[in-house]
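Data file: query-v7.txt. Format and content: compact mmCIF, C-alpha atoms.
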# COMPACT_ATOMS: atom_id res chain seq x y z
CA MET A 1 119.25 135.83 44.21
CA ASN A 2 119.82 138.80 41.94
CA LYS A 3 121.57 141.82 43.42
CA PHE A 4 118.62 144.14 42.91
CA LEU A 5 116.20 141.93 44.87
CA GLU A 6 118.78 141.30 47.54
CA GLN A 7 119.36 145.03 48.06
CA ALA A 8 115.62 145.66 48.21
CA LEU A 9 115.12 142.90 50.78
CA LEU A 10 117.99 144.09 52.96
CA PHE A 11 116.59 147.60 52.83
CA ASP A 12 113.10 146.31 53.62
CA PHE A 13 114.33 144.46 56.70
CA TYR A 14 117.02 146.71 58.09
CA GLY A 15 116.49 150.07 56.37
CA GLU A 16 115.03 151.64 59.50
CA LEU A 17 118.45 151.26 61.14
CA LEU A 18 120.01 153.70 58.65
CA THR A 19 119.91 157.44 59.31
CA ASP A 20 117.15 159.40 57.57
CA HIS A 21 119.68 160.88 55.16
CA GLN A 22 121.13 157.45 54.30
CA LYS A 23 117.67 155.96 53.97
CA GLU A 24 116.48 158.61 51.57
CA ILE A 25 119.46 158.32 49.25
CA TYR A 26 119.79 154.55 49.45
CA GLU A 27 116.10 154.13 48.70
CA GLN A 28 116.39 156.20 45.54
CA PHE A 29 119.33 154.11 44.45
CA ALA A 30 118.20 150.61 45.42
CA LEU A 31 114.42 150.79 45.12
CA GLU A 32 113.66 153.57 42.68
CA ASP A 33 116.65 152.63 40.57
CA LEU A 34 117.90 156.18 40.03
CA SER A 35 121.52 156.55 38.87
CA LEU A 36 124.25 157.98 41.08
CA SER A 37 124.36 161.09 38.88
CA GLU A 38 120.62 161.63 39.04
CA ILE A 39 120.64 161.37 42.82
CA ALA A 40 123.70 163.62 43.06
CA GLU A 41 121.99 166.30 41.01
CA MET A 42 118.73 166.09 42.98
CA LYS A 43 120.49 166.23 46.33
CA GLY A 44 123.09 168.81 45.37
CA ILE A 45 126.00 166.56 46.39
CA SER A 46 128.80 165.05 44.33
CA ARG A 47 128.40 161.80 42.42
CA GLN A 48 131.31 160.43 44.44
CA GLY A 49 129.52 161.41 47.65
CA VAL A 50 126.42 159.47 46.62
CA HIS A 51 128.59 156.53 45.57
CA ASP A 52 130.36 156.42 48.94
CA LEU A 53 127.11 156.73 50.87
CA VAL A 54 125.47 153.91 48.89
CA LYS A 55 128.48 151.63 49.41
CA ARG A 56 128.51 152.40 53.12
CA CYS A 57 124.78 151.64 53.39
CA GLN A 58 125.20 148.34 51.55
CA LYS A 59 127.97 147.37 53.92
CA THR A 60 125.87 148.34 56.94
CA LEU A 61 122.81 146.42 55.74
CA GLU A 62 124.88 143.37 54.82
CA GLY A 63 126.52 143.58 58.25
CA TYR A 64 123.12 143.35 59.93
CA GLU A 65 122.18 140.34 57.83
CA MET A 66 125.48 138.62 58.58
CA LYS A 67 124.71 138.97 62.27
CA LEU A 68 120.95 138.37 62.33
CA HIS A 69 120.18 136.23 59.23
CA LEU A 70 116.58 137.44 59.31
CA VAL A 71 116.22 137.87 55.55
CA GLU A 72 117.53 134.34 55.11
CA LYS A 73 115.09 133.02 57.73
CA PHE A 74 112.10 134.81 56.24
CA LEU A 75 112.93 133.69 52.70
CA SER A 76 113.08 130.13 53.91
CA VAL A 77 109.69 130.46 55.63
CA LYS A 78 108.24 132.06 52.52
CA GLU A 79 109.46 129.19 50.39
CA LYS A 80 107.85 126.67 52.72
CA VAL A 81 104.53 128.52 52.72
CA SER A 82 104.66 128.48 48.93
CA LYS A 83 105.11 124.72 49.15
CA ILE A 84 101.92 124.53 51.21
CA ASP A 85 100.16 126.48 48.45
CA ASP A 86 101.58 124.13 45.81
CA THR A 87 100.45 121.09 47.76
CA LEU A 88 96.91 122.49 47.99
CA ALA A 89 96.86 123.32 44.27
CA GLU A 90 98.10 119.86 43.38
CA TRP A 91 95.38 118.25 45.46
CA GLU A 92 92.72 120.47 43.89
CA CYS A 93 93.84 119.24 40.48
CA GLU A 94 94.07 115.58 41.28
CA LYS A 95 91.56 115.20 44.12
CA ASN A 96 93.37 112.13 45.40
CA ASP A 97 93.57 110.96 49.01
CA PRO A 98 93.19 114.05 51.21
CA GLU A 99 94.92 112.27 54.12
CA GLU A 100 98.16 112.25 52.18
CA MET A 101 97.87 115.96 51.42
CA VAL A 102 97.12 116.73 55.09
CA LYS A 103 100.19 114.79 56.14
CA ARG A 104 102.41 116.68 53.72
CA ILE A 105 101.09 120.08 54.79
CA ARG A 106 101.50 119.26 58.47
CA LYS A 107 105.12 118.28 57.84
CA ILE A 108 105.82 121.62 56.15
CA ALA A 109 103.95 123.60 58.83
CA ASP A 110 105.94 121.86 61.56
CA ALA A 111 109.20 122.66 59.74
CA ILE A 112 108.17 126.34 59.65
CA ILE A 113 107.36 126.41 63.37
CA GLU A 114 110.72 124.81 64.09
CA GLU A 115 112.50 127.47 62.08
CA LEU A 116 110.78 130.45 63.72
CA MET B 1 103.15 138.42 76.51
CA ASN B 2 105.00 137.90 79.77
CA LYS B 3 108.16 139.92 80.32
CA PHE B 4 110.40 136.86 80.52
CA LEU B 5 109.35 135.51 77.12
CA GLU B 6 109.50 138.97 75.57
CA GLN B 7 113.07 139.48 76.79
CA ALA B 8 114.09 136.06 75.51
CA LEU B 9 112.56 136.75 72.09
CA LEU B 10 114.18 140.17 71.79
CA PHE B 11 117.50 138.64 72.71
CA ASP B 12 116.99 135.81 70.27
CA PHE B 13 116.31 138.20 67.40
CA TYR B 14 118.64 141.10 68.10
CA GLY B 15 121.13 139.78 70.66
CA GLU B 16 123.89 139.56 68.06
CA LEU B 17 123.82 143.34 67.79
CA LEU B 18 124.97 143.70 71.40
CA THR B 19 128.67 143.68 72.28
CA ASP B 20 130.12 140.36 73.48
CA HIS B 21 130.31 141.70 77.04
CA GLN B 22 126.69 142.88 76.99
CA LYS B 23 125.54 139.64 75.39
CA GLU B 24 127.21 137.49 78.01
CA ILE B 25 125.74 139.35 80.97
CA TYR B 26 122.32 139.94 79.46
CA GLU B 27 122.04 136.27 78.55
CA GLN B 28 122.73 135.23 82.14
CA PHE B 29 120.08 137.63 83.36
CA ALA B 30 117.34 137.14 80.77
CA LEU B 31 117.79 133.53 79.67
CA GLU B 32 119.52 131.76 82.52
CA ASP B 33 117.54 133.77 85.05
CA LEU B 34 120.49 134.51 87.35
CA SER B 35 120.02 137.38 89.82
CA LEU B 36 121.88 140.67 89.50
CA SER B 37 123.90 139.77 92.62
CA GLU B 38 124.84 136.34 91.29
CA ILE B 39 126.03 137.83 88.00
CA ALA B 40 127.87 140.63 89.81
CA GLU B 41 129.74 138.13 91.92
CA MET B 42 130.63 135.87 88.99
CA LYS B 43 131.82 138.78 86.87
CA GLY B 44 133.57 140.69 89.63
CA ILE B 45 131.60 143.86 88.97
CA SER B 46 129.15 145.74 91.18
CA ARG B 47 125.48 144.80 91.39
CA GLN B 48 124.66 148.34 90.24
CA GLY B 49 126.97 147.87 87.25
CA VAL B 50 125.11 144.71 86.21
CA HIS B 51 121.77 146.45 86.77
CA ASP B 52 122.74 149.39 84.54
CA LEU B 53 124.10 147.13 81.82
CA VAL B 54 120.95 144.99 81.80
CA LYS B 55 118.71 148.09 81.60
CA ARG B 56 120.83 149.50 78.77
CA CYS B 57 120.61 146.19 76.87
CA GLN B 58 116.83 146.05 77.30
CA LYS B 59 116.55 149.57 75.96
CA THR B 60 118.79 148.74 73.00
CA LEU B 61 116.89 145.55 72.13
CA GLU B 62 113.50 147.27 72.51
CA GLY B 63 114.81 150.07 70.31
CA TYR B 64 115.59 147.60 67.53
CA GLU B 65 112.12 146.09 67.82
CA MET B 66 110.47 149.52 67.75
CA LYS B 67 112.28 150.19 64.48
CA LEU B 68 112.12 146.77 62.81
CA HIS B 69 109.07 145.00 64.34
CA LEU B 70 110.57 141.63 63.43
CA VAL B 71 109.57 139.86 66.65
CA GLU B 72 106.03 141.11 66.13
CA LYS B 73 106.06 139.87 62.54
CA PHE B 74 107.51 136.53 63.57
CA LEU B 75 104.89 135.99 66.27
CA SER B 76 102.12 136.79 63.83
CA VAL B 77 103.47 134.30 61.26
CA LYS B 78 103.87 131.67 63.96
CA GLU B 79 100.28 132.15 65.07
CA LYS B 80 99.04 131.72 61.49
CA VAL B 81 101.07 128.55 60.98
CA SER B 82 99.55 127.20 64.19
CA LYS B 83 96.13 127.95 62.70
CA ILE B 84 97.06 125.82 59.70
CA ASP B 85 97.96 123.02 62.09
CA ASP B 86 94.65 123.44 63.94
CA THR B 87 92.69 123.36 60.69
CA LEU B 88 94.41 120.11 59.69
CA ALA B 89 93.74 118.57 63.11
CA GLU B 90 90.10 119.61 62.99
CA TRP B 91 89.66 118.02 59.58
CA GLU B 92 91.36 114.82 60.75
CA CYS B 93 88.81 114.61 63.57
CA GLU B 94 85.73 115.38 61.57
CA LYS B 95 86.70 114.20 58.07
CA ASN B 96 84.20 116.57 56.52
CA ASP B 97 84.48 118.23 53.10
CA PRO B 98 88.23 118.52 52.29
CA GLU B 99 87.51 121.35 49.81
CA GLU B 100 86.47 123.60 52.67
CA MET B 101 89.62 122.77 54.64
CA VAL B 102 91.79 123.43 51.57
CA LYS B 103 90.13 126.80 51.11
CA ARG B 104 90.76 127.79 54.72
CA ILE B 105 94.40 126.75 54.63
CA ARG B 106 95.02 128.62 51.40
CA LYS B 107 93.55 131.77 52.92
CA ILE B 108 95.90 131.51 55.89
CA ALA B 109 98.91 130.69 53.67
CA ASP B 110 98.16 133.71 51.48
CA ALA B 111 97.93 135.94 54.55
CA ILE B 112 101.36 134.71 55.65
CA ILE B 113 102.90 135.38 52.24
CA GLU B 114 101.43 138.86 52.26
CA GLU B 115 102.97 139.55 55.64
CA LEU B 116 106.46 138.35 54.77

Output the file's structure in the form of structure tokens.
Amino acid sequence: MNKFLEQALLFDFYGELLTDHQKEIYEQFALEDLSLSEIAEMKGISRQGVHDLVKRCQKTLEGYEMKLHLVEKFLSVKEKVSKIDDTLAEWECEKNDPEEMVKRIRKIADAIIEEL
Amino acid sequence: MNKFLEQALLFDFYGELLTDHQKEIYEQFALEDLSLSEIAEMKGISRQGVHDLVKRCQKTLEGYEMKLHLVEKFLSVKEKVSKIDDTLAEWECEKNDPEEMVKRIRKIADAIIEEL
């Protein structure tokens, strides 16, 4: 996964565990893609200060994921649900035996339930 | 949801954010269903000490859920996946128009994706 998406996902899942100050600055960096200098100027703090805060937030968010693995779990579920969608689309194209399609979807659905 | 299941789910999702000591005692209380006195005796601490620790853990875990809502999200996804299963089962009983069943499953799958 690219770093940008990963940061956004970690923030989406665990961002509420940061302080309001951290959240505000990290959001501008990771989601709104502002540069360290831009944020520093807006907030009236040093570029180094923003840099340190962003690094600390990344470490905190990654720490939560290392312990909880919830982003990993949800990505895996999302992938499986996409597979259900693909299986439906394939059947709609080919209109072959629906029993086979039902069997495949049930298998994926059961794998999701097992994971949750 | 009953309190027992709720405690187990909260522990399952956020338990890793407790300290090892908290985790060990809270697990015996919430998952293994030992009494405060039994845990106190095993651990060589007072019953009141176990009681306070368990209450503190519950508050911590509930605090994470109030901020992150991940158990809530997970339960909602699980319910939708069960609906997919039900829709498949219903079709297997009735063997009516598969197009209709496909449409219903896609709608549920899309709702899951949107939620994740």

Please superimpose chain A upon chain B, fitting all C-alpha atoms matched one to one in order, and report the result as a PDB file with C-alpha atoms, in the frame of the given file.
ATOM      1  CA  MET A   1     103.133 138.506  76.450  1.00  0.00           C
ATOM      2  CA  ASN A   2     104.955 137.990  79.724  1.00  0.00           C
ATOM      3  CA  LYS A   3     108.122 139.993  80.296  1.00  0.00           C
ATOM      4  CA  PHE A   4     110.355 136.942  80.517  1.00  0.00           C
ATOM      5  CA  LEU A   5     109.298 135.589  77.106  1.00  0.00           C
ATOM      6  CA  GLU A   6     109.473 139.027  75.577  1.00  0.00           C
ATOM      7  CA  GLN A   7     113.047 139.542  76.794  1.00  0.00           C
ATOM      8  CA  ALA A   8     114.051 136.114  75.511  1.00  0.00           C
ATOM      9  CA  LEU A   9     112.530 136.797  72.092  1.00  0.00           C
ATOM     10  CA  LEU A  10     114.167 140.208  71.787  1.00  0.00           C
ATOM     11  CA  PHE A  11     117.487 138.662  72.727  1.00  0.00           C
ATOM     12  CA  ASP A  12     116.940 135.821  70.257  1.00  0.00           C
ATOM     13  CA  PHE A  13     116.279 138.241  67.406  1.00  0.00           C
ATOM     14  CA  TYR A  14     118.612 141.122  68.109  1.00  0.00           C
ATOM     15  CA  GLY A  15     121.108 139.779  70.657  1.00  0.00           C
ATOM     16  CA  GLU A  16     123.879 139.538  68.077  1.00  0.00           C
ATOM     17  CA  LEU A  17     123.812 143.341  67.827  1.00  0.00           C
ATOM     18  CA  LEU A  18     124.965 143.684  71.452  1.00  0.00           C
ATOM     19  CA  THR A  19     128.668 143.625  72.301  1.00  0.00           C
ATOM     20  CA  ASP A  20     130.086 140.300  73.492  1.00  0.00           C
ATOM     21  CA  HIS A  21     130.291 141.625  77.042  1.00  0.00           C
ATOM     22  CA  GLN A  22     126.665 142.834  76.987  1.00  0.00           C
ATOM     23  CA  LYS A  23     125.509 139.604  75.395  1.00  0.00           C
ATOM     24  CA  GLU A  24     127.159 137.434  77.996  1.00  0.00           C
ATOM     25  CA  ILE A  25     125.723 139.312  80.956  1.00  0.00           C
ATOM     26  CA  TYR A  26     122.295 139.913  79.456  1.00  0.00           C
ATOM     27  CA  GLU A  27     121.987 136.248  78.546  1.00  0.00           C
ATOM     28  CA  GLN A  28     122.671 135.186  82.118  1.00  0.00           C
ATOM     29  CA  PHE A  29     120.047 137.602  83.331  1.00  0.00           C
ATOM     30  CA  ALA A  30     117.302 137.136  80.739  1.00  0.00           C
ATOM     31  CA  LEU A  31     117.725 133.525  79.647  1.00  0.00           C
ATOM     32  CA  GLU A  32     119.438 131.729  82.493  1.00  0.00           C
ATOM     33  CA  ASP A  33     117.482 133.734  85.028  1.00  0.00           C
ATOM     34  CA  LEU A  34     120.424 134.472  87.321  1.00  0.00           C
ATOM     35  CA  SER A  35     119.971 137.345  89.797  1.00  0.00           C
ATOM     36  CA  LEU A  36     121.854 140.624  89.507  1.00  0.00           C
ATOM     37  CA  SER A  37     123.876 139.702  92.603  1.00  0.00           C
ATOM     38  CA  GLU A  38     124.801 136.283  91.277  1.00  0.00           C
ATOM     39  CA  ILE A  39     125.987 137.762  87.996  1.00  0.00           C
ATOM     40  CA  ALA A  40     127.849 140.544  89.807  1.00  0.00           C
ATOM     41  CA  GLU A  41     129.710 138.026  91.930  1.00  0.00           C
ATOM     42  CA  MET A  42     130.581 135.786  88.968  1.00  0.00           C
ATOM     43  CA  LYS A  43     131.802 138.682  86.855  1.00  0.00           C
ATOM     44  CA  GLY A  44     133.559 140.561  89.633  1.00  0.00           C
ATOM     45  CA  ILE A  45     131.587 143.766  88.994  1.00  0.00           C
ATOM     46  CA  SER A  46     129.144 145.649  91.196  1.00  0.00           C
ATOM     47  CA  ARG A  47     125.470 144.740  91.403  1.00  0.00           C
ATOM     48  CA  GLN A  48     124.685 148.276  90.261  1.00  0.00           C
ATOM     49  CA  GLY A  49     126.976 147.795  87.262  1.00  0.00           C
ATOM     50  CA  VAL A  50     125.105 144.656  86.222  1.00  0.00           C
ATOM     51  CA  HIS A  51     121.788 146.428  86.785  1.00  0.00           C
ATOM     52  CA  ASP A  52     122.786 149.355  84.563  1.00  0.00           C
ATOM     53  CA  LEU A  53     124.120 147.078  81.839  1.00  0.00           C
ATOM     54  CA  VAL A  54     120.936 144.974  81.807  1.00  0.00           C
ATOM     55  CA  LYS A  55     118.738 148.082  81.615  1.00  0.00           C
ATOM     56  CA  ARG A  56     120.845 149.483  78.795  1.00  0.00           C
ATOM     57  CA  CYS A  57     120.614 146.192  76.878  1.00  0.00           C
ATOM     58  CA  GLN A  58     116.839 146.068  77.314  1.00  0.00           C
ATOM     59  CA  LYS A  59     116.569 149.586  75.978  1.00  0.00           C
ATOM     60  CA  THR A  60     118.809 148.747  73.019  1.00  0.00           C
ATOM     61  CA  LEU A  61     116.889 145.579  72.145  1.00  0.00           C
ATOM     62  CA  GLU A  62     113.530 147.315  72.519  1.00  0.00           C
ATOM     63  CA  GLY A  63     114.857 150.126  70.321  1.00  0.00           C
ATOM     64  CA  TYR A  64     115.614 147.647  67.544  1.00  0.00           C
ATOM     65  CA  GLU A  65     112.142 146.153  67.801  1.00  0.00           C
ATOM     66  CA  MET A  66     110.517 149.584  67.740  1.00  0.00           C
ATOM     67  CA  LYS A  67     112.309 150.264  64.475  1.00  0.00           C
ATOM     68  CA  LEU A  68     112.148 146.855  62.786  1.00  0.00           C
ATOM     69  CA  HIS A  69     109.083 145.085  64.287  1.00  0.00           C
ATOM     70  CA  LEU A  70     110.581 141.725  63.339  1.00  0.00           C
ATOM     71  CA  VAL A  71     109.592 139.930  66.541  1.00  0.00           C
ATOM     72  CA  GLU A  72     106.047 141.176  66.040  1.00  0.00           C
ATOM     73  CA  LYS A  73     106.061 140.006  62.408  1.00  0.00           C
ATOM     74  CA  PHE A  74     107.440 136.574  63.236  1.00  0.00           C
ATOM     75  CA  LEU A  75     104.990 136.051  66.100  1.00  0.00           C
ATOM     76  CA  SER A  76     102.155 136.860  63.762  1.00  0.00           C
ATOM     77  CA  VAL A  77     103.441 134.373  61.171  1.00  0.00           C
ATOM     78  CA  LYS A  78     103.882 131.753  63.868  1.00  0.00           C
ATOM     79  CA  GLU A  79     100.315 132.231  65.013  1.00  0.00           C
ATOM     80  CA  LYS A  80      99.033 131.785  61.474  1.00  0.00           C
ATOM     81  CA  VAL A  81     101.062 128.615  60.945  1.00  0.00           C
ATOM     82  CA  SER A  82      99.582 127.288  64.174  1.00  0.00           C
ATOM     83  CA  LYS A  83      96.159 128.007  62.706  1.00  0.00           C
ATOM     84  CA  ILE A  84      97.075 125.864  59.702  1.00  0.00           C
ATOM     85  CA  ASP A  85      98.001 123.072  62.123  1.00  0.00           C
ATOM     86  CA  ASP A  86      94.701 123.509  63.974  1.00  0.00           C
ATOM     87  CA  THR A  87      92.749 123.391  60.734  1.00  0.00           C
ATOM     88  CA  LEU A  88      94.473 120.132  59.756  1.00  0.00           C
ATOM     89  CA  ALA A  89      93.837 118.615  63.194  1.00  0.00           C
ATOM     90  CA  GLU A  90      90.193 119.621  63.074  1.00  0.00           C
ATOM     91  CA  TRP A  91      89.763 118.002  59.681  1.00  0.00           C
ATOM     92  CA  GLU A  92      91.476 114.819  60.866  1.00  0.00           C
ATOM     93  CA  CYS A  93      88.945 114.620  63.686  1.00  0.00           C
ATOM     94  CA  GLU A  94      85.855 115.352  61.685  1.00  0.00           C
ATOM     95  CA  LYS A  95      86.824 114.146  58.204  1.00  0.00           C
ATOM     96  CA  ASN A  96      84.303 116.484  56.618  1.00  0.00           C
ATOM     97  CA  ASP A  97      84.570 118.117  53.197  1.00  0.00           C
ATOM     98  CA  PRO A  98      88.283 118.427  52.392  1.00  0.00           C
ATOM     99  CA  GLU A  99      87.573 121.240  49.899  1.00  0.00           C
ATOM    100  CA  GLU A 100      86.504 123.487  52.739  1.00  0.00           C
ATOM    101  CA  MET A 101      89.661 122.712  54.703  1.00  0.00           C
ATOM    102  CA  VAL A 102      91.830 123.379  51.625  1.00  0.00           C
ATOM    103  CA  LYS A 103      90.139 126.725  51.140  1.00  0.00           C
ATOM    104  CA  ARG A 104      90.747 127.736  54.740  1.00  0.00           C
ATOM    105  CA  ILE A 105      94.411 126.729  54.656  1.00  0.00           C
ATOM    106  CA  ARG A 106      95.006 128.562  51.390  1.00  0.00           C
ATOM    107  CA  LYS A 107      93.510 131.717  52.898  1.00  0.00           C
ATOM    108  CA  ILE A 108      95.878 131.520  55.873  1.00  0.00           C
ATOM    109  CA  ALA A 109      98.897 130.705  53.677  1.00  0.00           C
ATOM    110  CA  ASP A 110      98.131 133.686  51.449  1.00  0.00           C
ATOM    111  CA  ALA A 111      97.860 135.949  54.512  1.00  0.00           C
ATOM    112  CA  ILE A 112     101.315 134.750  55.622  1.00  0.00           C
ATOM    113  CA  ILE A 113     102.864 135.421  52.209  1.00  0.00           C
ATOM    114  CA  GLU A 114     101.333 138.889  52.242  1.00  0.00           C
ATOM    115  CA  GLU A 115     102.848 139.606  55.630  1.00  0.00           C
ATOM    116  CA  LEU A 116     106.380 138.472  54.753  1.00  0.00           C
TER     117      LEU A 116
END

| task | Go ahead and compute the interatomic distance for atom CA of Ala40 of chain A and atom CA of Leu9 of chain A, in Å to one decimal. | result |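 One can read the atom CA of Ala40 of chain A to atom CA of Leu9 of chain A distance as 23.7 Å.
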
Can you build me a table of chain A residues sitting at most 10 Å from chain B, with the closest atom pair per residue and its distance in Å to one decimal, using only C-alpha atoms, sorted by chain and residue number, as CSV?
residue,atom,partner,partner_atom,distance
A:Asp12,CA,B:Leu68,CA,9.3
A:Phe13,CA,B:Leu68,CA,6.9
A:Tyr14,CA,B:Leu68,CA,6.8
A:Gly15,CA,B:Leu68,CA,8.5
A:Glu16,CA,B:Lys67,CA,5.9
A:Leu17,CA,B:Lys67,CA,7.1
A:Gly63,CA,B:Leu17,CA,9.9
A:Tyr64,CA,B:Leu17,CA,7.9
A:Met66,CA,B:Glu16,CA,9.7
A:Lys67,CA,B:Glu16,CA,5.9
A:Leu68,CA,B:Glu16,CA,6.5
A:His69,CA,B:Phe13,CA,9.3
A:Leu70,CA,B:Phe13,CA,8.1
A:Val71,CA,B:Leu116,CA,9.8
A:Phe74,CA,B:Leu116,CA,6.8
A:Leu75,CA,B:Leu116,CA,8.2
A:Val77,CA,B:Leu116,CA,8.6
A:Lys78,CA,B:Ile113,CA,6.3
A:Glu79,CA,B:Ile113,CA,9.2
A:Lys80,CA,B:Ala109,CA,9.8
A:Val81,CA,B:Ala109,CA,6.1
A:Ser82,CA,B:Ala109,CA,7.8
A:Lys83,CA,B:Ala109,CA,9.7
A:Ile84,CA,B:Ala109,CA,7.3
A:Asp85,CA,B:Arg106,CA,6.3
A:Asp86,CA,B:Arg106,CA,9.7
A:Thr87,CA,B:Val102,CA,9.7
A:Leu88,CA,B:Val102,CA,6.3
A:Ala89,CA,B:Val102,CA,8.9
A:Trp91,CA,B:Val102,CA,8.8
A:Glu92,CA,B:Glu99,CA,7.9
A:Lys95,CA,B:Glu99,CA,9.3
A:Asp97,CA,B:Pro98,CA,9.8
A:Pro98,CA,B:Pro98,CA,6.8
A:Glu99,CA,B:Glu92,CA,7.9
A:Met101,CA,B:Val102,CA,9.6
A:Val102,CA,B:Leu88,CA,6.3
A:Lys103,CA,B:Leu88,CA,8.6
A:Ile105,CA,B:Leu88,CA,8.3
A:Arg106,CA,B:Asp85,CA,6.3
A:Lys107,CA,B:Asp85,CA,9.6
A:Ile108,CA,B:Val81,CA,9.7
A:Ala109,CA,B:Val81,CA,6.1
A:Asp110,CA,B:Asp85,CA,8.1
A:Ile112,CA,B:Val81,CA,7.6
A:Ile113,CA,B:Lys78,CA,6.3
A:Glu114,CA,B:Lys78,CA,9.7
A:Glu115,CA,B:Lys78,CA,9.8
A:Leu116,CA,B:Phe74,CA,6.9

| remark: atom CA of Lys3 of chain A sits from atom CA of Ser37 of chain A at a separation of 20.0 Å

| request: May I have the protein, DNA and RNA residues with any atom at most 9 Å from the point (126.0, 139.1, 85.6), counting all atoms listed in the file, written as a PyMOL selection string? | output: chain B and resi 24-29+34-45+47+49-51+54

Around all of segment 23-28 of chain A's listed atoms, make the axis-aligned box with 3 Å on each side and tell me centre and edge lengths in Å to one decimal, as JSON.
{"center_x": 117.9, "center_y": 156.4, "center_z": 49.8, "size_x": 9.7, "size_y": 10.5, "size_z": 14.4}

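The protein and nucleic acid residues lying at most 9 Å from Gln7 of chain A are Asn2, Asp12, Ala30, Leu31, Gln58, Leu61 and Glu62 of chain A, with only C-alpha atoms considered and sequence neighbours fewer than 5 positions away removed.
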
| Restricting the calculation to all atoms listed in the file, which member of B:Ala111, B:Leu18, B:Leu5, B:Glu32 is positioned closest to Lys59 of chain B? |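 Closest candidate: B:Leu18.
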